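Peer 1: work02.pdb (PDB, C-alpha atoms and all ligand atoms) pasted underneath:
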```pdb
ATOM      1  CA  MET G 444      98.363 -51.192  20.362  1.00  0.00           C
ATOM      2  CA  PRO G 445     100.939 -53.572  18.795  1.00  0.00           C
ATOM      3  CA  GLU G 446     101.689 -53.200  15.078  1.00  0.00           C
ATOM      4  CA  THR G 447      99.863 -56.487  14.353  1.00  0.00           C
ATOM      5  CA  PRO G 448      96.808 -56.403  16.630  1.00  0.00           C
ATOM      6  CA  ALA G 449      95.306 -59.737  17.658  1.00  0.00           C
ATOM      7  CA  GLY G 450      92.071 -58.431  16.115  1.00  0.00           C
ATOM      8  CA  LEU G 451      93.614 -58.685  12.641  1.00  0.00           C
ATOM      9  CA  GLU G 452      91.899 -62.074  12.683  1.00  0.00           C
ATOM     10  CA  ARG G 453      88.683 -60.144  11.956  1.00  0.00           C
ATOM     11  CA  LEU G 454      90.136 -58.744   8.717  1.00  0.00           C
ATOM     12  CA  ARG G 455      91.486 -62.169   7.793  1.00  0.00           C
ATOM     13  CA  ARG G 456      88.037 -63.697   8.330  1.00  0.00           C
ATOM     14  CA  PHE G 457      86.351 -60.970   6.255  1.00  0.00           C
ATOM     15  CA  ILE G 458      88.752 -61.393   3.344  1.00  0.00           C
ATOM     16  CA  ALA G 459      88.283 -65.181   3.469  1.00  0.00           C
ATOM     17  CA  GLU G 460      84.488 -64.735   3.371  1.00  0.00           C
ATOM     18  CA  ALA G 461      84.678 -62.326   0.402  1.00  0.00           C
ATOM     19  CA  THR G 462      86.990 -64.728  -1.428  1.00  0.00           C
ATOM     20  CA  ARG G 463      84.576 -67.594  -0.733  1.00  0.00           C
ATOM     21  CA  LEU G 464      81.692 -65.559  -2.229  1.00  0.00           C
ATOM     22  CA  ALA G 465      83.660 -64.675  -5.373  1.00  0.00           C
ATOM     23  CA  THR G 466      83.431 -66.674  -8.595  1.00  0.00           C
ATOM     24  CA  PRO G 467      86.269 -66.870 -11.140  1.00  0.00           C
ATOM     25  CA  GLU G 468      84.512 -64.034 -13.023  1.00  0.00           C
ATOM     26  CA  GLY G 469      84.223 -61.661 -10.096  1.00  0.00           C
ATOM     27  CA  LEU G 470      82.501 -60.784  -6.851  1.00  0.00           C
ATOM     28  CA  ALA G 471      78.932 -59.438  -6.780  1.00  0.00           C
ATOM     29  CA  GLN G 472      77.333 -57.308  -4.092  1.00  0.00           C
ATOM     30  CA  SER G 473      75.149 -59.398  -1.803  1.00  0.00           C
ATOM     31  CA  PRO G 474      73.434 -59.126   1.585  1.00  0.00           C
ATOM     32  CA  ARG G 475      75.907 -61.715   2.934  1.00  0.00           C
ATOM     33  CA  LEU G 476      78.924 -59.677   1.812  1.00  0.00           C
ATOM     34  CA  GLU G 477      77.414 -56.474   3.192  1.00  0.00           C
ATOM     35  CA  ALA G 478      76.688 -58.187   6.531  1.00  0.00           C
ATOM     36  CA  ALA G 479      80.285 -59.444   6.688  1.00  0.00           C
ATOM     37  CA  LEU G 480      81.589 -55.875   6.236  1.00  0.00           C
ATOM     38  CA  ALA G 481      79.122 -54.569   8.838  1.00  0.00           C
ATOM     39  CA  GLU G 482      80.445 -57.176  11.264  1.00  0.00           C
ATOM     40  CA  LEU G 483      84.065 -56.152  10.520  1.00  0.00           C
ATOM     41  CA  VAL G 484      83.444 -52.437  11.157  1.00  0.00           C
ATOM     42  CA  SER G 485      81.340 -52.990  14.259  1.00  0.00           C
ATOM     43  CA  HIS G 486      84.602 -53.740  16.132  1.00  0.00           C
ATOM     44  CA  ASP G 487      87.329 -51.106  16.260  1.00  0.00           C
ATOM     45  CA  ASP G 488      90.170 -53.274  17.537  1.00  0.00           C
ATOM     46  CA  TRP G 489      91.907 -54.634  14.458  1.00  0.00           C
ATOM     47  CA  LEU G 490      93.143 -51.864  12.136  1.00  0.00           C
ATOM     48  CA  PRO G 491      96.959 -51.635  12.323  1.00  0.00           C
ATOM     49  CA  PRO G 492      98.075 -48.137  13.456  1.00  0.00           C
ATOM     50  CA  ALA G 493     100.170 -47.817  10.274  1.00  0.00           C
ATOM     51  CA  CYS G 494      96.917 -47.946   8.259  1.00  0.00           C
ATOM     52  CA  ALA G 495      95.161 -45.401  10.502  1.00  0.00           C
ATOM     53  CA  GLN G 496      97.528 -42.436  10.079  1.00  0.00           C
ATOM     54  CA  PRO G 497      96.027 -39.157   8.848  1.00  0.00           C
ATOM     55  CA  HIS G 498      97.904 -36.669   6.658  1.00  0.00           C
ATOM     56  CA  PRO G 499      97.654 -32.965   7.526  1.00  0.00           C
ATOM     57  CA  GLN G 500      96.502 -32.080   4.006  1.00  0.00           C
ATOM     58  CA  TYR G 501      95.084 -35.128   2.212  1.00  0.00           C
ATOM     59  CA  TYR G 502      92.750 -37.955   3.146  1.00  0.00           C
ATOM     60  CA  GLN G 503      94.642 -41.242   3.041  1.00  0.00           C
ATOM     61  CA  GLN G 504      93.788 -44.549   1.357  1.00  0.00           C
ATOM     62  CA  TYR G 505      95.696 -47.525   2.748  1.00  0.00           C
ATOM     63  CA  LEU G 506      95.360 -50.762   0.816  1.00  0.00           C
ATOM     64  CA  LEU G 507      94.560 -53.559   3.296  1.00  0.00           C
ATOM     65  CA  HIS G 508      94.074 -56.298   0.713  1.00  0.00           C
ATOM     66  CA  CYS G 509      93.758 -56.745  -3.025  1.00  0.00           C
ATOM     67  CA  ASP G 510      92.352 -59.999  -4.349  1.00  0.00           C
ATOM     68  CA  PRO G 511      95.084 -61.657  -6.486  1.00  0.00           C
ATOM     69  CA  LEU G 512      92.604 -61.753  -9.396  1.00  0.00           C
ATOM     70  CA  GLU G 513      91.664 -58.082  -8.759  1.00  0.00           C
ATOM     71  CA  ARG G 514      88.022 -59.070  -8.184  1.00  0.00           C
ATOM     72  CA  PHE G 515      87.885 -56.862  -5.079  1.00  0.00           C
ATOM     73  CA  CYS G 516      90.013 -54.769  -2.751  1.00  0.00           C
ATOM     74  CA  VAL G 517      89.747 -53.471   0.808  1.00  0.00           C
ATOM     75  CA  VAL G 518      91.046 -50.035   1.770  1.00  0.00           C
ATOM     76  CA  SER G 519      91.142 -48.002   5.007  1.00  0.00           C
ATOM     77  CA  PHE G 520      90.112 -44.422   4.351  1.00  0.00           C
ATOM     78  CA  VAL G 521      91.582 -42.037   6.917  1.00  0.00           C
ATOM     79  CA  TRP G 522      90.089 -38.564   7.173  1.00  0.00           C
ATOM     80  CA  GLY G 523      91.984 -35.764   8.849  1.00  0.00           C
ATOM     81  CA  PRO G 524      89.810 -33.154  10.600  1.00  0.00           C
ATOM     82  CA  GLY G 525      87.522 -31.415   8.098  1.00  0.00           C
ATOM     83  CA  GLN G 526      88.895 -33.217   5.007  1.00  0.00           C
ATOM     84  CA  SER G 527      86.637 -34.128   2.068  1.00  0.00           C
ATOM     85  CA  THR G 528      86.769 -35.679  -1.405  1.00  0.00           C
ATOM     86  CA  PRO G 529      85.909 -33.930  -4.648  1.00  0.00           C
ATOM     87  CA  VAL G 530      82.609 -34.942  -6.311  1.00  0.00           C
ATOM     88  CA  HIS G 531      83.477 -38.302  -7.926  1.00  0.00           C
ATOM     89  CA  ASP G 532      82.217 -41.647  -9.210  1.00  0.00           C
ATOM     90  CA  HIS G 533      83.697 -45.179  -8.983  1.00  0.00           C
ATOM     91  CA  GLU G 534      82.990 -47.237 -12.169  1.00  0.00           C
ATOM     92  CA  VAL G 535      82.875 -50.358  -9.936  1.00  0.00           C
ATOM     93  CA  TRP G 536      80.545 -51.234  -7.071  1.00  0.00           C
ATOM     94  CA  GLY G 537      81.540 -50.335  -3.543  1.00  0.00           C
ATOM     95  CA  TYR G 538      80.680 -50.562   0.130  1.00  0.00           C
ATOM     96  CA  VAL G 539      81.706 -48.008   2.745  1.00  0.00           C
ATOM     97  CA  GLY G 540      81.790 -49.306   6.324  1.00  0.00           C
ATOM     98  CA  MET G 541      82.286 -46.771   9.116  1.00  0.00           C
ATOM     99  CA  LEU G 542      84.889 -47.826  11.663  1.00  0.00           C
ATOM    100  CA  ARG G 543      85.723 -44.743  13.738  1.00  0.00           C
ATOM    101  CA  GLY G 544      84.253 -41.228  13.951  1.00  0.00           C
ATOM    102  CA  ALA G 545      81.680 -40.341  11.283  1.00  0.00           C
ATOM    103  CA  GLU G 546      81.491 -39.225   7.659  1.00  0.00           C
ATOM    104  CA  ILE G 547      78.964 -37.338   5.583  1.00  0.00           C
ATOM    105  CA  ASP G 548      77.902 -38.757   2.218  1.00  0.00           C
ATOM    106  CA  GLN G 549      76.223 -36.328  -0.201  1.00  0.00           C
ATOM    107  CA  ARG G 550      74.951 -38.024  -3.356  1.00  0.00           C
ATOM    108  CA  TYR G 551      74.714 -36.165  -6.683  1.00  0.00           C
ATOM    109  CA  ALA G 552      72.506 -36.616  -9.731  1.00  0.00           C
ATOM    110  CA  ARG G 553      73.479 -35.912 -13.317  1.00  0.00           C
ATOM    111  CA  LEU G 554      71.036 -33.357 -14.799  1.00  0.00           C
ATOM    112  CA  PRO G 555      69.867 -33.547 -18.444  1.00  0.00           C
ATOM    113  CA  ASP G 556      72.013 -30.479 -19.247  1.00  0.00           C
ATOM    114  CA  GLY G 557      75.147 -32.296 -18.025  1.00  0.00           C
ATOM    115  CA  ARG G 558      75.538 -30.476 -14.713  1.00  0.00           C
ATOM    116  CA  VAL G 559      75.552 -32.304 -11.370  1.00  0.00           C
ATOM    117  CA  ALA G 560      73.295 -31.382  -8.452  1.00  0.00           C
ATOM    118  CA  PRO G 561      72.958 -32.694  -4.877  1.00  0.00           C
ATOM    119  CA  ARG G 562      70.435 -35.550  -4.719  1.00  0.00           C
ATOM    120  CA  GLY G 563      68.615 -35.859  -1.402  1.00  0.00           C
ATOM    121  CA  GLU G 564      69.866 -34.938   2.023  1.00  0.00           C
ATOM    122  CA  PRO G 565      73.429 -35.718   3.128  1.00  0.00           C
ATOM    123  CA  ALA G 566      73.611 -38.983   5.077  1.00  0.00           C
ATOM    124  CA  THR G 567      75.778 -39.382   8.174  1.00  0.00           C
ATOM    125  CA  LEU G 568      77.505 -42.740   8.501  1.00  0.00           C
ATOM    126  CA  ARG G 569      78.336 -43.931  12.027  1.00  0.00           C
ATOM    127  CA  PRO G 570      80.498 -46.794  13.338  1.00  0.00           C
ATOM    128  CA  GLY G 571      79.123 -50.197  12.314  1.00  0.00           C
ATOM    129  CA  GLN G 572      77.015 -48.747   9.453  1.00  0.00           C
ATOM    130  CA  VAL G 573      77.595 -49.625   5.788  1.00  0.00           C
ATOM    131  CA  ALA G 574      76.678 -47.536   2.710  1.00  0.00           C
ATOM    132  CA  ARG G 575      76.310 -49.121  -0.722  1.00  0.00           C
ATOM    133  CA  LEU G 576      77.616 -47.705  -4.008  1.00  0.00           C
ATOM    134  CA  SER G 577      76.365 -48.953  -7.359  1.00  0.00           C
ATOM    135  CA  PRO G 578      77.300 -47.335 -10.691  1.00  0.00           C
ATOM    136  CA  GLN G 579      74.034 -48.668 -12.210  1.00  0.00           C
ATOM    137  CA  GLU G 580      71.981 -46.822  -9.606  1.00  0.00           C
ATOM    138  CA  GLY G 581      74.070 -43.636  -9.715  1.00  0.00           C
ATOM    139  CA  ASP G 582      77.097 -43.431  -7.448  1.00  0.00           C
ATOM    140  CA  ILE G 583      78.301 -39.849  -7.877  1.00  0.00           C
ATOM    141  CA  HIS G 584      79.005 -38.406  -4.445  1.00  0.00           C
ATOM    142  CA  ARG G 585      81.147 -36.221  -2.225  1.00  0.00           C
ATOM    143  CA  VAL G 586      82.278 -37.556   1.140  1.00  0.00           C
ATOM    144  CA  SER G 587      83.558 -35.550   4.106  1.00  0.00           C
ATOM    145  CA  ASN G 588      84.762 -36.137   7.623  1.00  0.00           C
ATOM    146  CA  ALA G 589      81.784 -35.223   9.837  1.00  0.00           C
ATOM    147  CA  HIS G 590      84.244 -33.935  12.448  1.00  0.00           C
ATOM    148  CA  ALA G 591      86.244 -30.724  12.202  1.00  0.00           C
ATOM    149  CA  ASP G 592      88.407 -31.615  15.203  1.00  0.00           C
ATOM    150  CA  ARG G 593      89.249 -35.300  14.887  1.00  0.00           C
ATOM    151  CA  VAL G 594      90.146 -38.192  12.633  1.00  0.00           C
ATOM    152  CA  SER G 595      87.475 -40.467  11.145  1.00  0.00           C
ATOM    153  CA  ILE G 596      88.139 -43.829   9.481  1.00  0.00           C
ATOM    154  CA  SER G 597      86.002 -45.921   7.141  1.00  0.00           C
ATOM    155  CA  VAL G 598      86.767 -49.247   5.483  1.00  0.00           C
ATOM    156  CA  HIS G 599      85.975 -49.343   1.760  1.00  0.00           C
ATOM    157  CA  MET G 600      85.507 -52.357  -0.393  1.00  0.00           C
ATOM    158  CA  TYR G 601      85.341 -52.154  -4.193  1.00  0.00           C
ATOM    159  CA  GLY G 602      84.433 -54.688  -6.878  1.00  0.00           C
ATOM    160  CA  GLY G 603      87.880 -54.426  -8.471  1.00  0.00           C
ATOM    161  CA  ASN G 604      91.348 -53.079  -7.721  1.00  0.00           C
ATOM    162  CA  ILE G 605      90.412 -49.435  -7.214  1.00  0.00           C
ATOM    163  CA  GLY G 606      94.070 -48.460  -7.727  1.00  0.00           C
ATOM    164  CA  ALA G 607      93.671 -49.617 -11.350  1.00  0.00           C
ATOM    165  CA  VAL G 608      90.213 -48.207 -12.164  1.00  0.00           C
ATOM    166  CA  ALA G 609      89.863 -45.108 -14.366  1.00  0.00           C
ATOM    167  CA  ARG G 610      86.957 -43.036 -13.010  1.00  0.00           C
ATOM    168  CA  HIS G 611      85.897 -39.390 -12.822  1.00  0.00           C
ATOM    169  CA  VAL G 612      85.858 -36.297 -10.684  1.00  0.00           C
ATOM    170  CA  TYR G 613      83.193 -33.706 -11.479  1.00  0.00           C
ATOM    171  CA  ASP G 614      83.319 -29.929 -11.385  1.00  0.00           C
ATOM    172  CA  PRO G 615      80.330 -29.170  -9.117  1.00  0.00           C
ATOM    173  CA  ALA G 616      79.602 -25.910 -10.989  1.00  0.00           C
ATOM    174  CA  THR G 617      79.699 -27.142 -14.605  1.00  0.00           C
ATOM    175  CA  GLY G 618      79.399 -30.938 -14.221  1.00  0.00           C
ATOM    176  CA  GLN G 619      82.482 -31.344 -16.380  1.00  0.00           C
ATOM    177  CA  ALA G 620      83.959 -34.819 -15.813  1.00  0.00           C
ATOM    178  CA  LYS G 621      87.718 -35.267 -15.510  1.00  0.00           C
ATOM    179  CA  PRO G 622      89.266 -38.776 -15.590  1.00  0.00           C
ATOM    180  CA  PHE G 623      91.365 -39.849 -12.602  1.00  0.00           C
ATOM    181  CA  VAL G 624      92.680 -42.923 -10.847  1.00  0.00           C
ATOM    182  CA  SER G 625      93.261 -42.975  -7.104  1.00  0.00           C
ATOM    183  CA  GLY G 626      96.536 -44.305  -5.751  1.00  0.00           C
ATOM    184  CA  TYR G 627      97.276 -45.976  -2.430  1.00  0.00           C
ATOM    185  CA  SER G 628      98.992 -44.301   0.503  1.00  0.00           C
ATOM    186  CA  SER G 629     100.466 -47.527   1.874  1.00  0.00           C
ATOM    187  CA  ALA G 630     103.958 -48.650   1.075  1.00  0.00           C
ATOM    188  CA  GLN G 631     103.384 -51.891   2.956  1.00  0.00           C
ATOM    189  CA  LEU G 632     100.395 -54.216   3.405  1.00  0.00           C
ATOM    190  CA  PRO G 633      99.444 -55.491   6.850  1.00  0.00           C
ATOM    191  CA  ASN G 634     100.856 -58.975   7.334  1.00  0.00           C
ATOM    192  CA  LEU G 635      97.738 -61.133   7.524  1.00  0.00           C
ATOM    193  CA  TRP G 636      99.656 -64.337   7.433  1.00  0.00           C
ATOM    194  CA  ASP G 637     101.994 -64.231  10.394  1.00  0.00           C
ATOM    195  CA  ARG G 638      99.974 -66.388  12.808  1.00  0.00           C
ATOM    196  CA  SER G 639     103.134 -67.741  14.454  1.00  0.00           C
ATOM    197  CA  GLU G 640     102.372 -66.134  17.827  1.00  0.00           C
ATOM    198  CA  ALA G 641      99.031 -67.981  18.201  1.00  0.00           C
ATOM    199  CA  VAL G 642     100.556 -71.258  16.980  1.00  0.00           C
ATOM    200  CA  ARG G 643     103.512 -70.784  19.374  1.00  0.00           C
ATOM    201  CA  ALA G 644     101.114 -70.191  22.272  1.00  0.00           C
ATOM    202  CA  ALA G 645      99.255 -73.415  21.423  1.00  0.00           C
ATOM    203  CA  LEU G 646     102.569 -75.292  21.457  1.00  0.00           C
ATOM    204  CA  ARG G 647     103.332 -74.243  25.048  1.00  0.00           C
TER     205      ARG G 647
HETATM  206 FE   FE2 U   1      83.452 -42.552  -3.251  1.00  0.00          FE
END
```
Go through the file and emit its structure as structure tokens.

Peer 2:
Amino acid sequence: MPETPAGLERLRRFIAEATRLATPEGLAQSPRLEAALAELVSHDDWLPPACAQPHPQYYQQYLLHCDPLERFCVVSFVWGPGQSTPVHDHEVWGYVGMLRGAEIDQRYARLPDGRVAPRGEPATLRPGQVARLSPQEGDIHRVSNAHADRVSISVHMYGGNIGAVARHVYDPATGQAKPFVSGYSSAQLPNLWDRSEAVRAALR
């Protein structure tokens, strides 16, 4: 696959749609936005290989796009075999769209005594499916690669620049919350704007 797959048009279209739905104040979750993400992750032909690389030890978060006003961001989440997150929250809304492989999403509830406990059965997310995260409805969870022998990739969207949001990880035994901010693995963003090849072809 070339470094800038032709399918990058899909990501460009998705980001344009999200930007269209945003107001100067921000971007709200909506069925239209969720459907646009579902459409994006129902095709696995657009993610640049550089944003699909696993790390032997840590799951990777490659920034694909951050809205210039930080109203939303789009990240590829690359799971190495068997990797998982700590129990954590987000402080902003989110969508998780499964692109490749599968992941397991276990939600947690905060108990009156301050501890956290699994809430409901773990859900398995498969390619084309989208899970919704809302801090108002309770968004504490732990996510894992469903596969012990291969890479899985999901595309996350957040209602802010997640690389600038202070949130929490939770000790599953005591419920003690520890503040953290997640960084990005990518040194370089995919180049959405080089459309010269298509324009050149039209000139021929
Ligand atoms: Fe999460």

Peer 1: Using only C-alpha atoms, which of the listed residues (G:Phe623, G:Trp522, G:Trp489, G:Tyr538) sits closest to Tyr501 (chain G)?

Peer 2: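 Closest to Tyr501 (chain G) of all the choices is G:Trp522.
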
Peer 1: Step by step, measure atom-to-atom distances between ligand FE2 1 (chain U) and each residue using all atoms listed in the file, keep those at most 7 Å, then write them as a list in words.

Peer 2: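 Taking all atoms listed in the file into account, the residues around ligand FE2 1 (chain U) at most 7 Å away are His531, Asp532, His533, His584, Arg585 and Val586 of chain G.
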
Peer 1: On this file, the PyMOL selection byres (((chain G and resi 620) around 12) and not hetatm) gives some set of residues; write that set as a tab-separated table (two decimals) with C-alpha atoms, keeping the file's coordinate frame.

Peer 2:
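This went into selection_27.tsv:
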```
chain	number	residue	atom	x	y	z
G	529	PRO	CA	85.91	-33.93	-4.65
G	530	VAL	CA	82.61	-34.94	-6.31
G	531	HIS	CA	83.48	-38.30	-7.93
G	532	ASP	CA	82.22	-41.65	-9.21
G	553	ARG	CA	73.48	-35.91	-13.32
G	557	GLY	CA	75.15	-32.30	-18.02
G	558	ARG	CA	75.54	-30.48	-14.71
G	559	VAL	CA	75.55	-32.30	-11.37
G	583	ILE	CA	78.30	-39.85	-7.88
G	609	ALA	CA	89.86	-45.11	-14.37
G	610	ARG	CA	86.96	-43.04	-13.01
G	611	HIS	CA	85.90	-39.39	-12.82
G	612	VAL	CA	85.86	-36.30	-10.68
G	613	TYR	CA	83.19	-33.71	-11.48
G	614	ASP	CA	83.32	-29.93	-11.38
G	615	PRO	CA	80.33	-29.17	-9.12
G	616	ALA	CA	79.60	-25.91	-10.99
G	617	THR	CA	79.70	-27.14	-14.60
G	618	GLY	CA	79.40	-30.94	-14.22
G	619	GLN	CA	82.48	-31.34	-16.38
G	621	LYS	CA	87.72	-35.27	-15.51
G	622	PRO	CA	89.27	-38.78	-15.59
G	623	PHE	CA	91.36	-39.85	-12.60
```

Peer 1: I would like the residues chosen by the PyMOL selection byres (((chain G and resi 458-468) around 10) and not hetatm) on the shown file; could you give them as a ChimeraX atom specification?

Peer 2: /G:452-457,469-473,475-477,479-480,507-510,512,514-517,635

Peer 1: Under the PyMOL selection byres (((chain G and resi 540) around 9) and not hetatm), which residues of this model are included? Write them out as a list in words.

Peer 2: Glu477, Leu480, Ala481, Leu483, Val484, Ser485, Tyr538, Val539, Met541, Leu542, Leu568, Arg569, Pro570, Gly571, Gln572, Val573, Ala574, Arg575, Ile596, Ser597, Val598, His599 and Met600 of chain G

Peer 1: How many Å lie between CA of Ser595 (chain G) and CA of Arg543 (chain G), rounded to one decimal?

Peer 2: 5.3 Å

Peer 1: Would you mind telling me which residue in G:Leu646, G:Leu506, G:Val518, G:Val535 lies nearest to Pro578 (chain G) when using only C-alpha atoms?

Peer 2: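 With only C-alpha atoms as the atom set, the closest residue is G:Val535.
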
Peer 1: I'd like to know which of G:Glu534, G:Asp592, G:Asp548, G:Asp488 is closest to Ile605 (chain G), using only C-alpha atoms.

Peer 2: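 Smallest separation from Ile605 (chain G) among the options: G:Glu534.
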
Peer 1: Mind checking which residues fall within 10 Å of Gln503 (chain G), counting all atoms listed in the file, ignoring those fewer than 5 positions away in the same chain, and posting them as a PyMOL selection string?

Peer 2: chain G and resi 494-498+518-523+596+626-629

Peer 1: Provide the CA of Pro524 (chain G) to CA of Gly537 (chain G) distance in Å, to one decimal place.

Peer 2: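 Atom-to-atom, CA of Pro524 (chain G) and CA of Gly537 (chain G) are spaced 23.7 Å apart.
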
Peer 1: Which distance in Å separates CA of Trp636 (chain G) and CA of Gln504 (chain G), to one decimal?

Peer 2: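 Computing it gives 21.5 Å between the two atoms.
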
Peer 1: What would the list of residues within 9 Å of (73.7, -37.0, 1.4) (file frame) look like as a list in words, if only C-alpha atoms are what count?

Peer 2: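 Output of the proximity query reads Ile547, Asp548, Gln549, Arg550, Tyr551, Pro561, Arg562, Gly563, Glu564, Pro565, Ala566, Thr567, His584, Arg585 and Val586 of chain G.
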
Peer 1: When distances are computed from only C-alpha atoms, which of G:Gln526, G:Asp637, G:Ala630, G:Val642 shows the smallest separation from Ala493 (chain G)?

Peer 2: G:Ala630

Peer 1: Which residue is closest to His590 (chain G)? Choose from G:Ala645, G:Leu451, G:Ala607, G:Ala545 and count all atoms listed in the file.

Peer 2: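 Closest candidate: G:Ala545.
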